[in-house]
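Here is input-v7.txt, consisting of compact mmCIF, C-alpha atoms (C1' of nucleotides) and all ligand atoms:
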```txt
# COMPACT_ATOMS: atom_id res chain seq x y z
CA MET A 9 -28.73 15.56 -19.79
CA THR A 10 -25.89 16.98 -17.70
CA ASN A 11 -24.05 14.95 -15.09
CA ILE A 12 -25.73 16.78 -12.24
CA GLU A 13 -29.08 15.96 -13.79
CA LYS A 14 -28.03 12.33 -14.10
CA ILE A 15 -27.13 12.22 -10.44
CA ASN A 16 -30.36 13.85 -9.42
CA SER A 17 -32.44 11.46 -11.49
CA LYS A 18 -30.60 8.52 -9.93
CA LEU A 19 -31.24 9.96 -6.50
CA ASN A 20 -34.88 10.64 -7.26
CA GLU A 21 -35.34 7.02 -8.32
CA ASN A 22 -34.29 5.94 -4.89
CA PHE A 23 -36.09 8.63 -2.95
CA ALA A 24 -39.33 8.17 -4.78
CA GLU A 25 -39.43 4.39 -4.82
CA LYS A 26 -37.86 3.36 -1.61
CA GLY A 27 -39.09 6.03 0.77
CA PHE A 28 -35.67 7.57 1.31
CA ARG A 29 -35.47 11.21 2.27
CA LEU A 30 -33.36 13.91 0.69
CA THR A 31 -32.13 15.57 3.86
CA ALA A 32 -29.84 18.53 4.42
CA PRO A 33 -26.87 16.37 5.55
CA ARG A 34 -27.16 14.22 2.43
CA LYS A 35 -27.33 17.24 0.15
CA ALA A 36 -24.30 18.67 1.93
CA VAL A 37 -22.20 15.51 1.46
CA LEU A 38 -23.18 15.29 -2.19
CA SER A 39 -22.36 18.94 -2.71
CA ILE A 40 -18.88 18.51 -1.23
CA LEU A 41 -18.25 15.47 -3.40
CA SER A 42 -19.23 17.39 -6.53
CA GLN A 43 -16.75 20.12 -5.58
CA ASN A 44 -13.86 17.69 -5.08
CA MET A 45 -11.85 15.75 -7.63
CA ASN A 46 -9.30 14.47 -5.13
CA HIS A 47 -10.68 11.20 -3.77
CA PRO A 48 -11.37 12.49 -0.25
CA THR A 49 -11.51 10.27 2.83
CA VAL A 50 -14.48 10.18 5.19
CA GLU A 51 -12.74 12.54 7.55
CA GLU A 52 -11.89 15.01 4.78
CA ILE A 53 -15.50 15.00 3.63
CA TYR A 54 -16.71 15.36 7.21
CA LEU A 55 -14.47 18.38 7.84
CA GLN A 56 -15.59 20.12 4.67
CA VAL A 57 -19.28 19.46 5.29
CA HIS A 58 -18.77 20.59 8.85
CA GLU A 59 -17.79 24.08 7.69
CA ASN A 60 -21.26 24.83 6.33
CA TYR A 61 -23.11 22.39 8.56
CA PRO A 62 -21.45 22.33 11.98
CA SER A 63 -24.00 20.05 13.58
CA ILE A 64 -23.33 17.10 11.28
CA GLY A 65 -21.87 13.99 12.87
CA MET A 66 -19.24 11.67 11.44
CA MET A 67 -21.71 8.79 11.48
CA THR A 68 -24.03 10.58 9.07
CA VAL A 69 -21.17 11.03 6.64
CA TYR A 70 -20.38 7.32 6.84
CA ARG A 71 -23.99 6.36 6.32
CA THR A 72 -24.57 8.81 3.49
CA LEU A 73 -21.50 7.57 1.66
CA ASP A 74 -22.66 3.97 2.06
CA LEU A 75 -25.98 4.88 0.50
CA LEU A 76 -24.42 6.77 -2.38
CA VAL A 77 -22.21 3.76 -3.11
CA GLU A 78 -25.22 1.44 -2.93
CA TRP A 79 -27.11 3.66 -5.34
CA GLY A 80 -24.25 3.65 -7.82
CA VAL A 81 -23.57 7.36 -7.52
CA VAL A 82 -20.20 7.15 -5.76
CA HIS A 83 -17.16 4.89 -6.04
CA LYS A 84 -15.50 3.66 -2.88
CA PHE A 85 -11.78 3.00 -3.19
CA ASP A 86 -9.38 1.12 -1.01
CA PHE A 87 -5.80 2.08 -1.79
CA SER A 88 -4.51 0.07 1.18
CA GLU A 89 -4.01 3.08 3.40
CA GLY A 90 -6.23 1.68 6.11
CA LYS A 91 -9.02 4.08 5.20
CA ALA A 92 -11.44 4.40 2.31
CA ARG A 93 -11.54 7.11 -0.33
CA TYR A 94 -14.56 8.27 -2.31
CA GLU A 95 -15.24 9.75 -5.73
CA LEU A 96 -18.39 10.89 -7.48
CA ILE A 97 -18.87 8.65 -10.51
CA ASP A 98 -20.43 11.16 -12.91
CA HIS A 99 -18.55 14.19 -11.74
CA PRO A 100 -19.70 17.52 -13.23
CA ASP A 101 -16.10 18.53 -13.99
CA GLY A 102 -15.16 14.90 -14.39
CA ILE A 103 -13.15 13.01 -16.90
CA GLY A 104 -15.49 10.04 -17.04
CA HIS A 105 -14.40 6.43 -16.73
CA HIS A 106 -10.79 6.31 -15.60
CA HIS A 107 -8.27 4.39 -13.55
CA HIS A 108 -5.51 5.41 -11.16
CA LEU A 109 -1.77 5.63 -10.62
CA ILE A 110 -0.96 5.73 -6.90
CA CYS A 111 2.35 6.93 -5.46
CA HIS A 112 3.55 4.69 -2.66
CA ASN A 113 5.57 7.53 -1.22
CA CYS A 114 3.35 10.64 -1.10
CA LYS A 115 0.01 8.83 -1.73
CA LYS A 116 -0.77 11.12 -4.67
CA ILE A 117 -3.47 9.69 -6.91
CA ILE A 118 -3.30 10.37 -10.64
CA ASN A 119 -6.43 9.86 -12.75
CA TYR A 120 -5.72 8.60 -16.22
CA THR A 121 -7.92 8.09 -19.25
CA ASP A 122 -5.12 7.30 -21.69
CA PHE A 123 -5.80 4.15 -23.71
CA ILE A 124 -8.95 3.73 -21.60
CA ASP A 125 -11.02 2.55 -24.56
CA GLU A 126 -8.44 -0.02 -25.53
CA GLU A 127 -8.20 -1.03 -21.88
CA PHE A 128 -11.96 -1.30 -21.53
CA LYS A 129 -12.22 -3.43 -24.65
CA PHE A 130 -9.51 -5.77 -23.40
CA ILE A 131 -11.02 -6.06 -19.93
CA THR A 132 -14.51 -6.66 -21.25
CA LYS A 133 -13.29 -9.52 -23.41
CA LEU A 134 -11.25 -10.93 -20.54
CA GLU A 135 -14.22 -10.72 -18.17
CA LYS A 136 -16.42 -12.54 -20.63
CA GLN A 137 -13.93 -15.38 -20.98
CA LEU A 138 -13.16 -15.66 -17.25
CA SER A 139 -16.82 -15.46 -16.35
CA LYS A 140 -17.63 -18.40 -18.62
CA LYS A 141 -14.63 -20.53 -17.67
CA HIS A 142 -15.02 -20.13 -13.91
CA LYS A 143 -18.80 -19.73 -13.78
CA PHE A 144 -18.29 -16.44 -12.00
CA GLN A 145 -20.54 -13.39 -12.43
CA ILE A 146 -18.20 -10.41 -12.56
CA THR A 147 -19.68 -7.17 -11.25
CA LYS A 148 -16.61 -4.99 -10.88
CA HIS A 149 -12.96 -4.79 -11.87
CA ILE A 150 -10.04 -3.12 -10.20
CA ILE A 151 -7.06 -1.99 -12.25
CA GLU A 152 -4.51 0.10 -10.42
CA PHE A 153 -0.86 0.92 -10.87
CA TYR A 154 1.35 1.65 -7.89
CA GLY A 155 4.77 3.23 -8.01
CA VAL A 156 6.71 6.43 -7.47
CA CYS A 157 5.53 9.75 -8.85
CA ASP A 158 7.63 12.38 -10.58
CA SER A 159 8.27 14.63 -7.60
CA CYS A 160 9.02 11.71 -5.27
CA VAL A 161 11.68 10.41 -7.68
CA ILE A 162 13.30 13.84 -7.81
CA ASN A 163 13.33 14.30 -4.04
CA ASN A 164 15.26 11.09 -3.39
CA MET B 10 16.39 -24.64 -9.71
CA THR B 11 13.18 -25.52 -7.90
CA ASN B 12 10.91 -22.91 -6.37
CA ILE B 13 11.97 -23.85 -2.87
CA GLU B 14 15.58 -23.37 -3.90
CA LYS B 15 14.67 -19.99 -5.39
CA ILE B 16 13.07 -18.92 -2.13
CA ASN B 17 16.01 -20.12 -0.10
CA SER B 18 18.49 -18.30 -2.29
CA LYS B 19 16.44 -15.12 -1.99
CA LEU B 20 16.38 -15.55 1.78
CA ASN B 21 20.09 -16.27 1.94
CA GLU B 22 20.82 -13.07 0.08
CA ASN B 23 19.15 -11.13 2.84
CA PHE B 24 20.49 -13.20 5.69
CA ALA B 25 24.06 -13.15 4.46
CA GLU B 26 24.26 -9.52 3.42
CA LYS B 27 22.09 -7.66 5.84
CA GLY B 28 22.76 -9.48 9.07
CA PHE B 29 19.28 -10.93 9.34
CA ARG B 30 18.85 -14.16 11.23
CA LEU B 31 17.07 -17.29 10.12
CA THR B 32 15.18 -18.05 13.30
CA ALA B 33 12.77 -20.83 14.20
CA PRO B 34 9.68 -18.58 14.10
CA ARG B 35 10.62 -17.34 10.62
CA LYS B 36 11.16 -20.85 9.34
CA ALA B 37 7.81 -21.85 10.82
CA VAL B 38 5.91 -19.03 9.12
CA LEU B 39 7.59 -19.76 5.81
CA SER B 40 6.80 -23.44 6.17
CA ILE B 41 3.12 -22.76 6.78
CA LEU B 42 2.99 -20.44 3.76
CA SER B 43 4.50 -23.12 1.54
CA GLN B 44 1.84 -25.58 2.72
CA ASN B 45 -1.05 -23.23 1.96
CA MET B 46 -2.48 -22.11 -1.35
CA ASN B 47 -5.43 -20.29 0.16
CA HIS B 48 -4.30 -16.72 0.80
CA PRO B 49 -4.33 -16.98 4.61
CA THR B 50 -4.77 -14.01 6.94
CA VAL B 51 -2.32 -13.17 9.70
CA GLU B 52 -4.53 -14.87 12.23
CA GLU B 53 -4.85 -18.01 10.13
CA ILE B 54 -1.08 -18.18 9.75
CA TYR B 55 -0.61 -17.51 13.45
CA LEU B 56 -2.97 -20.32 14.44
CA GLN B 57 -1.28 -22.83 12.15
CA VAL B 58 2.21 -21.88 13.25
CA HIS B 59 1.01 -22.01 16.83
CA GLU B 60 0.19 -25.71 16.51
CA ASN B 61 3.84 -26.68 16.09
CA TYR B 62 5.28 -23.68 17.87
CA PRO B 63 3.01 -22.72 20.77
CA SER B 64 5.25 -20.01 22.13
CA ILE B 65 5.08 -17.83 19.03
CA GLY B 66 3.39 -14.44 19.38
CA MET B 67 1.13 -12.71 16.91
CA MET B 68 3.60 -9.84 16.63
CA THR B 69 6.31 -12.11 15.29
CA VAL B 70 3.97 -13.34 12.58
CA TYR B 71 3.21 -9.74 11.59
CA ARG B 72 6.88 -8.83 11.53
CA THR B 73 7.95 -11.93 9.65
CA LEU B 74 5.33 -11.36 6.98
CA ASP B 75 6.43 -7.74 6.60
CA LEU B 76 9.98 -8.92 6.03
CA LEU B 77 8.98 -11.59 3.54
CA VAL B 78 6.99 -8.99 1.60
CA GLU B 79 9.94 -6.59 1.71
CA TRP B 80 12.23 -9.32 0.39
CA GLY B 81 9.92 -10.09 -2.50
CA VAL B 82 9.12 -13.60 -1.31
CA VAL B 83 5.50 -13.05 -0.35
CA HIS B 84 2.61 -11.05 -1.82
CA LYS B 85 0.39 -9.05 0.50
CA PHE B 86 -3.19 -8.65 -0.68
CA ASP B 87 -5.94 -6.33 0.41
CA PHE B 88 -9.32 -7.58 -0.75
CA SER B 89 -11.11 -4.89 1.26
CA GLU B 90 -12.09 -7.22 4.07
CA GLY B 91 -10.42 -5.05 6.69
CA LYS B 92 -7.56 -7.51 7.00
CA ALA B 93 -4.63 -8.50 4.82
CA ARG B 94 -4.06 -11.83 3.09
CA TYR B 95 -0.72 -13.38 2.12
CA GLU B 96 0.58 -15.70 -0.56
CA LEU B 97 3.99 -17.16 -1.30
CA ILE B 98 5.08 -15.81 -4.68
CA ASP B 99 7.04 -18.83 -5.94
CA HIS B 100 4.90 -21.49 -4.38
CA PRO B 101 6.24 -25.08 -4.63
CA ASP B 102 2.84 -26.38 -5.74
CA GLY B 103 2.08 -23.04 -7.33
CA ILE B 104 0.61 -21.97 -10.59
CA GLY B 105 3.01 -19.09 -11.08
CA HIS B 106 1.95 -15.56 -11.98
CA HIS B 107 -1.79 -15.26 -11.65
CA HIS B 108 -4.62 -12.93 -10.74
CA HIS B 109 -7.83 -13.33 -8.73
CA LEU B 110 -11.59 -13.52 -8.89
CA ILE B 111 -13.11 -12.62 -5.51
CA CYS B 112 -16.66 -13.49 -4.47
CA HIS B 113 -18.35 -10.60 -2.68
CA ASN B 114 -20.67 -13.00 -0.94
CA CYS B 115 -18.58 -15.88 0.45
CA LYS B 116 -15.14 -14.23 0.03
CA LYS B 117 -13.87 -17.22 -1.96
CA ILE B 118 -10.74 -16.35 -3.95
CA ILE B 119 -10.20 -18.04 -7.31
CA ASN B 120 -6.72 -18.04 -8.83
CA TYR B 121 -6.70 -17.80 -12.60
CA THR B 122 -3.96 -18.07 -15.16
CA ASP B 123 -6.19 -18.07 -18.21
CA PHE B 124 -5.07 -15.59 -20.84
CA ILE B 125 -2.39 -14.49 -18.37
CA ASP B 126 0.26 -14.13 -21.08
CA GLU B 127 -2.01 -12.01 -23.18
CA GLU B 128 -2.92 -10.05 -20.08
CA PHE B 129 0.69 -9.59 -19.10
CA LYS B 130 1.61 -8.38 -22.58
CA PHE B 131 -1.23 -5.88 -22.56
CA ILE B 132 -0.42 -4.60 -19.08
CA THR B 133 3.29 -4.30 -19.81
CA LYS B 134 2.60 -2.17 -22.88
CA LEU B 135 0.08 -0.08 -20.95
CA GLU B 136 2.51 0.44 -18.09
CA LYS B 137 5.22 1.59 -20.46
CA GLN B 138 2.92 4.15 -22.05
CA LEU B 139 1.45 5.41 -18.79
CA SER B 140 4.85 5.56 -17.17
CA LYS B 141 6.19 7.79 -19.94
CA LYS B 142 3.11 10.01 -20.22
CA HIS B 143 2.76 10.66 -16.49
CA LYS B 144 6.45 10.43 -15.50
CA PHE B 145 5.49 7.73 -13.02
CA GLN B 146 7.68 4.74 -12.18
CA ILE B 147 5.32 1.79 -11.95
CA THR B 148 6.43 -0.92 -9.52
CA LYS B 149 3.27 -2.97 -9.17
CA HIS B 150 -0.13 -3.53 -10.77
CA ILE B 151 -3.34 -4.75 -9.30
CA ILE B 152 -5.91 -6.49 -11.48
CA GLU B 153 -8.81 -8.08 -9.69
CA PHE B 154 -12.32 -9.09 -10.59
CA TYR B 155 -15.09 -9.04 -8.01
CA GLY B 156 -18.45 -10.71 -8.35
CA VAL B 157 -20.54 -13.69 -7.34
CA CYS B 158 -19.19 -17.23 -7.51
CA ASP B 159 -20.98 -20.30 -8.81
CA SER B 160 -22.24 -21.67 -5.52
CA CYS B 161 -23.35 -18.26 -4.28
CA VAL B 162 -25.47 -17.75 -7.40
CA ILE B 163 -27.10 -21.13 -6.90
CA ASN B 164 -27.85 -20.55 -3.23
CA ASN B 165 -29.78 -17.32 -3.83
C1' DG C 6 -51.46 19.24 13.23
C1' DT C 7 -50.85 14.41 14.01
C1' DT C 8 -48.66 10.24 13.14
C1' DA C 9 -45.51 6.85 11.48
C1' DT C 10 -41.00 6.12 10.53
C1' DA C 11 -36.62 7.40 8.40
C1' DT C 12 -32.68 9.85 9.90
C1' DT C 13 -29.54 11.76 12.96
C1' DG C 14 -25.65 12.22 16.22
C1' DA C 15 -23.48 11.16 20.74
C1' DT C 16 -21.32 7.43 22.58
C1' DA C 17 -19.36 3.02 23.21
C1' DA C 18 -17.59 -1.07 21.18
C1' DT C 19 -14.94 -3.65 17.73
C1' DG C 20 -11.01 -5.45 15.48
C1' DG C 21 -6.90 -5.36 12.75
C1' DT C 22 -2.61 -3.32 13.02
C1' DT C 23 1.36 -0.67 15.39
C1' DA C 24 4.25 0.96 19.11
C1' DT C 25 6.81 -0.02 23.19
C1' DC C 26 10.21 -2.23 25.87
C1' DA C 27 12.26 -5.57 28.77
C1' DT C 28 13.77 -10.30 27.84
C1' DT C 29 15.74 -13.77 24.97
C1' DA C 30 18.20 -15.89 21.23
C1' DA C 31 21.50 -15.92 17.35
C1' DC C 32 25.86 -15.25 15.57
C1' DA C 33 30.71 -13.54 15.52
C1' DT C 34 34.80 -13.48 17.93
C1' DA C 35 38.25 -15.01 20.95
C1' DT D 27 33.25 -23.28 24.73
C1' DA D 28 32.56 -18.85 26.82
C1' DT D 29 31.55 -13.99 25.87
C1' DG D 30 29.79 -9.80 23.88
C1' DT D 31 26.99 -7.54 20.54
C1' DT D 32 22.88 -6.85 18.59
C1' DA D 33 18.86 -8.79 16.18
C1' DA D 34 14.59 -10.88 17.33
C1' DT D 35 10.87 -11.98 20.27
C1' DG D 36 6.49 -11.69 22.81
C1' DA D 37 3.45 -9.55 26.32
C1' DT D 38 1.07 -5.55 26.64
C1' DA D 39 -0.90 -1.23 25.64
C1' DA D 40 -2.11 2.12 22.24
C1' DC D 41 -4.03 3.45 17.82
C1' DC D 42 -7.53 4.43 14.61
C1' DA D 43 -10.96 3.58 11.03
C1' DT D 44 -15.18 1.60 11.06
C1' DT D 45 -19.61 -0.38 13.27
C1' DA D 46 -23.14 -0.96 16.64
C1' DT D 47 -26.48 1.08 19.69
C1' DC D 48 -30.24 3.89 20.93
C1' DA D 49 -32.69 7.87 22.40
C1' DA D 50 -33.79 12.21 20.16
C1' DT D 51 -35.14 14.57 16.00
C1' DA D 52 -36.70 15.66 11.34
C1' DT D 53 -39.37 14.39 7.31
C1' DA D 54 -43.23 13.46 4.57
C1' DA D 55 -47.89 11.51 4.25
C1' DC D 56 -52.42 11.82 5.98
MN MN A 201 -10.30 9.15 -9.79
MN MN A 202 -3.49 -16.44 -5.50
ZN ZN A 203 4.72 10.76 -4.82
ZN ZN A 204 -19.22 -17.10 -3.25
```

Please go through the file and, once you have read it, give me the structure as structure tokens.
Amino acid sequence: MTNIEKINSKLNENFAEKGFRLTAPRKAVLSILSQNMNHPTVEEIYLQVHENYPSIGMMTVYRTLDLLVEWGVVHKFDFSEGKARYELIDHPDGIGHHHHLICHNCKKIINYTDFIDEEFKFITKLEKQLSKKHKFQITKHIIEFYGVCDSCVINN
Amino acid sequence: MTNIEKINSKLNENFAEKGFRLTAPRKAVLSILSQNMNHPTVEEIYLQVHENYPSIGMMTVYRTLDLLVEWGVVHKFDFSEGKARYELIDHPDGIGHHHHLICHNCKKIINYTDFIDEEFKFITKLEKQLSKKHKFQITKHIIEFYGVCDSCVINN
DNA sequence: GTTATATTGATAATGGTTATCATTAACATA
DNA sequence: TATGTTAATGATAACCATTATCAATATAAC
């Protein structure tokens, strides 16, 4: 089962069961996301969709992204820029589960998978212990590293 | 050296060297922060300062917080609520270095220090490895767990 | 084709944060 | 203590991502 198939089966679950409709604007947003590995903003997605689908409105992009997040198909990120960024979870050209290094200076976002298994093991254990101790059902973790990237160090 | 002394020495560094001034509004903001352990927003800080200092403007609170963050006295947090939250780093009644559990439902923020040494050791090692591999100078990490708190589980 | 309703997109509103700028206050110097 | 320099303040307007609204449209079931 390829990633695209996984996405489609997830989508079909929702369309079939909950009476949602697979419309042209939604297909267009999804298509753009599967062509991008660079954590685009709503506006960036809107502009790209707009090229092939000039009638689409910004609101539809917002709403479609909300749905895709709700359905577990897309991750929404907040890197404290004052605007959200999005990423397809099971990306066809993707690297799978990963975290990010974010450059404070140029806002570049580096995906990393190094030591991700070790990291995941540690986090899972930690979550289990914290969850028990604080009677808190953990549904999501955020691990991010901020700093200065290679080229920004050089140019200063 | 108590925490308050630590803060004051940090402040004095900046005031002495860089020509900054220790004004009444700044003292008021700092005082409110040292009386609060609950990650207040700008508005919450403003309202509390306003009680003892009715002439203060919102802008001064924003600017003072920016400075305190720049000087390494205060942490600025973004829990994706659309507004920032602040916390004194070396809080007089504080628990020291800690991370957070955030309830999606009621927005409650739980400080935890459990396993924090283990966590810190793991993160430090990870940072060193990632830093080398990706030629990225890490200055800050974010580790947060989101989920549903005890009382929100019960009330649903 | 008709119907019920999910979806769309133009537009206005919201709300936290920033920018501006004239006024005020703090500190150094005499 | 008075004076001059400049940092700090606060009222106000602007900014900008996101949300709310609602009439028009598209979709899928019958
Ligand atoms: Mn990524
Ligand atoms: Mn805290
Ligand atoms: Zn950079
Ligand atoms: Zn809760």

Around ligand MN 202 (chain A), at most 7 Å away and counting all atoms listed in the file, which residues are there? Put them as a count of residues only, please. 6

Is it possible to get the superposed chain B, fitted on chain A over all Cα pairs by sequence order, as a tab-separated table (two decimals) with C-alpha atoms, in the frame of the given file?
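selection.tsv was written with the following content:
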```tsv
chain	number	residue	atom	x	y	z
B	10	MET	CA	-28.69	15.46	-19.86
B	11	THR	CA	-25.86	16.88	-17.77
B	12	ASN	CA	-24.01	14.84	-15.17
B	13	ILE	CA	-25.69	16.69	-12.34
B	14	GLU	CA	-29.05	15.86	-13.88
B	15	LYS	CA	-27.98	12.22	-14.18
B	16	ILE	CA	-27.08	12.13	-10.50
B	17	ASN	CA	-30.31	13.78	-9.49
B	18	SER	CA	-32.38	11.37	-11.53
B	19	LYS	CA	-30.53	8.44	-9.98
B	20	LEU	CA	-31.18	9.90	-6.54
B	21	ASN	CA	-34.83	10.55	-7.30
B	22	GLU	CA	-35.29	6.95	-8.32
B	23	ASN	CA	-34.25	5.88	-4.86
B	24	PHE	CA	-36.04	8.63	-3.00
B	25	ALA	CA	-39.31	8.16	-4.84
B	26	GLU	CA	-39.42	4.38	-4.86
B	27	LYS	CA	-37.82	3.31	-1.65
B	28	GLY	CA	-39.04	5.93	0.76
B	29	PHE	CA	-35.63	7.48	1.29
B	30	ARG	CA	-35.47	11.11	2.27
B	31	LEU	CA	-33.41	13.85	0.71
B	32	THR	CA	-32.14	15.50	3.86
B	33	ALA	CA	-29.86	18.48	4.41
B	34	PRO	CA	-26.88	16.36	5.53
B	35	ARG	CA	-27.18	14.18	2.41
B	36	LYS	CA	-27.34	17.19	0.14
B	37	ALA	CA	-24.31	18.63	1.91
B	38	VAL	CA	-22.21	15.50	1.45
B	39	LEU	CA	-23.20	15.25	-2.19
B	40	SER	CA	-22.37	18.90	-2.71
B	41	ILE	CA	-18.90	18.50	-1.24
B	42	LEU	CA	-18.27	15.44	-3.42
B	43	SER	CA	-19.24	17.37	-6.54
B	44	GLN	CA	-16.78	20.12	-5.59
B	45	ASN	CA	-13.87	17.71	-5.10
B	46	MET	CA	-11.87	15.76	-7.63
B	47	ASN	CA	-9.33	14.49	-5.14
B	48	HIS	CA	-10.67	11.21	-3.77
B	49	PRO	CA	-11.37	12.51	-0.25
B	50	THR	CA	-11.48	10.31	2.84
B	51	VAL	CA	-14.44	10.21	5.20
B	52	GLU	CA	-12.71	12.59	7.54
B	53	GLU	CA	-11.89	15.03	4.77
B	54	ILE	CA	-15.51	15.01	3.63
B	55	TYR	CA	-16.70	15.38	7.21
B	56	LEU	CA	-14.48	18.40	7.83
B	57	GLN	CA	-15.62	20.14	4.65
B	58	VAL	CA	-19.28	19.46	5.27
B	59	HIS	CA	-18.79	20.60	8.84
B	60	GLU	CA	-17.81	24.08	7.68
B	61	ASN	CA	-21.27	24.82	6.31
B	62	TYR	CA	-23.13	22.39	8.53
B	63	PRO	CA	-21.49	22.32	11.97
B	64	SER	CA	-24.03	20.04	13.56
B	65	ILE	CA	-23.34	17.10	11.27
B	66	GLY	CA	-21.86	13.97	12.86
B	67	MET	CA	-19.23	11.68	11.45
B	68	MET	CA	-21.69	8.79	11.49
B	69	THR	CA	-24.02	10.54	9.08
B	70	VAL	CA	-21.16	11.03	6.65
B	71	TYR	CA	-20.34	7.31	6.85
B	72	ARG	CA	-23.96	6.34	6.33
B	73	THR	CA	-24.55	8.78	3.50
B	74	LEU	CA	-21.48	7.55	1.65
B	75	ASP	CA	-22.61	3.94	2.08
B	76	LEU	CA	-25.94	4.84	0.53
B	77	LEU	CA	-24.39	6.74	-2.36
B	78	VAL	CA	-22.15	3.75	-3.08
B	79	GLU	CA	-25.15	1.41	-2.89
B	80	TRP	CA	-27.05	3.62	-5.33
B	81	GLY	CA	-24.20	3.61	-7.81
B	82	VAL	CA	-23.53	7.33	-7.50
B	83	VAL	CA	-20.18	7.15	-5.75
B	84	HIS	CA	-17.13	4.88	-6.02
B	85	LYS	CA	-15.47	3.65	-2.86
B	86	PHE	CA	-11.74	3.02	-3.17
B	87	ASP	CA	-9.33	1.15	-0.97
B	88	PHE	CA	-5.75	2.11	-1.75
B	89	SER	CA	-4.47	0.12	1.23
B	90	GLU	CA	-3.97	3.15	3.43
B	91	GLY	CA	-6.19	1.75	6.17
B	92	LYS	CA	-8.97	4.14	5.23
B	93	ALA	CA	-11.39	4.43	2.34
B	94	ARG	CA	-11.51	7.14	-0.32
B	95	TYR	CA	-14.55	8.28	-2.31
B	96	GLU	CA	-15.23	9.75	-5.72
B	97	LEU	CA	-18.39	10.87	-7.48
B	98	ILE	CA	-18.85	8.62	-10.50
B	99	ASP	CA	-20.43	11.13	-12.90
B	100	HIS	CA	-18.55	14.16	-11.74
B	101	PRO	CA	-19.70	17.51	-13.23
B	102	ASP	CA	-16.10	18.53	-13.97
B	103	GLY	CA	-15.16	14.90	-14.40
B	104	ILE	CA	-13.13	13.00	-16.89
B	105	GLY	CA	-15.48	10.05	-17.03
B	106	HIS	CA	-14.39	6.43	-16.70
B	107	HIS	CA	-10.79	6.32	-15.58
B	108	HIS	CA	-8.27	4.39	-13.54
B	109	HIS	CA	-5.49	5.40	-11.13
B	110	LEU	CA	-1.77	5.62	-10.61
B	111	ILE	CA	-0.95	5.72	-6.88
B	112	CYS	CA	2.36	6.92	-5.45
B	113	HIS	CA	3.58	4.68	-2.65
B	114	ASN	CA	5.59	7.52	-1.22
B	115	CYS	CA	3.37	10.62	-1.11
B	116	LYS	CA	0.02	8.84	-1.71
B	117	LYS	CA	-0.74	11.14	-4.66
B	118	ILE	CA	-3.46	9.69	-6.90
B	119	ILE	CA	-3.29	10.37	-10.63
B	120	ASN	CA	-6.41	9.88	-12.74
B	121	TYR	CA	-5.71	8.60	-16.22
B	122	THR	CA	-7.90	8.10	-19.24
B	123	ASP	CA	-5.12	7.31	-21.68
B	124	PHE	CA	-5.80	4.17	-23.69
B	125	ILE	CA	-8.93	3.74	-21.58
B	126	ASP	CA	-11.02	2.59	-24.55
B	127	GLU	CA	-8.46	0.02	-25.51
B	128	GLU	CA	-8.23	-0.99	-21.87
B	129	PHE	CA	-11.98	-1.24	-21.52
B	130	LYS	CA	-12.25	-3.38	-24.65
B	131	PHE	CA	-9.55	-5.72	-23.39
B	132	ILE	CA	-11.05	-6.01	-19.92
B	133	THR	CA	-14.56	-6.58	-21.24
B	134	LYS	CA	-13.36	-9.46	-23.41
B	135	LEU	CA	-11.33	-10.88	-20.53
B	136	GLU	CA	-14.28	-10.64	-18.17
B	137	LYS	CA	-16.52	-12.46	-20.61
B	138	GLN	CA	-14.04	-15.31	-20.96
B	139	LEU	CA	-13.27	-15.59	-17.26
B	140	SER	CA	-16.92	-15.36	-16.35
B	141	LYS	CA	-17.78	-18.30	-18.60
B	142	LYS	CA	-14.77	-20.44	-17.66
B	143	HIS	CA	-15.17	-20.03	-13.90
B	144	LYS	CA	-18.97	-19.61	-13.75
B	145	PHE	CA	-18.42	-16.31	-11.97
B	146	GLN	CA	-20.63	-13.26	-12.42
B	147	ILE	CA	-18.26	-10.31	-12.56
B	148	THR	CA	-19.73	-7.06	-11.23
B	149	LYS	CA	-16.63	-4.92	-10.85
B	150	HIS	CA	-12.97	-4.75	-11.85
B	151	ILE	CA	-10.06	-3.10	-10.18
B	152	ILE	CA	-7.07	-1.97	-12.22
B	153	GLU	CA	-4.52	0.11	-10.41
B	154	PHE	CA	-0.87	0.91	-10.85
B	155	TYR	CA	1.35	1.64	-7.87
B	156	GLY	CA	4.77	3.22	-8.00
B	157	VAL	CA	6.72	6.41	-7.46
B	158	CYS	CA	5.54	9.74	-8.85
B	159	ASP	CA	7.65	12.37	-10.58
B	160	SER	CA	8.30	14.62	-7.61
B	161	CYS	CA	9.04	11.71	-5.29
B	162	VAL	CA	11.70	10.41	-7.68
B	163	ILE	CA	13.31	13.83	-7.82
B	164	ASN	CA	13.32	14.30	-4.06
B	165	ASN	CA	15.23	11.07	-3.36
```

Between A:Ile103, A:Val57, A:Ile124, A:Val81, which is the closest to chain B once you count all atoms listed in the file?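 For chain B, the nearest of the candidates is A:Ile124.
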
List the spatial neighbours of Thr122 (chain B) as a CSV table (one decimal) with C-alpha atoms, keeping the file's coordinate frame - criterion: any atom at most 12 Å away, all atoms listed in the file, same-chain residues fewer than 5 positions off excluded.
```csv
chain,number,residue,atom,x,y,z
A,134,LEU,CA,-11.2,-10.9,-20.5
A,137,GLN,CA,-13.9,-15.4,-21.0
A,138,LEU,CA,-13.2,-15.7,-17.2
A,141,LYS,CA,-14.6,-20.5,-17.7
A,142,HIS,CA,-15.0,-20.1,-13.9
B,103,GLY,CA,2.1,-23.0,-7.3
B,104,ILE,CA,0.6,-22.0,-10.6
B,105,GLY,CA,3.0,-19.1,-11.1
B,106,HIS,CA,2.0,-15.6,-12.0
B,107,HIS,CA,-1.8,-15.3,-11.6
B,108,HIS,CA,-4.6,-12.9,-10.7
B,109,HIS,CA,-7.8,-13.3,-8.7
B,110,LEU,CA,-11.6,-13.5,-8.9
B,127,GLU,CA,-2.0,-12.0,-23.2
B,128,GLU,CA,-2.9,-10.0,-20.1
B,129,PHE,CA,0.7,-9.6,-19.1
```
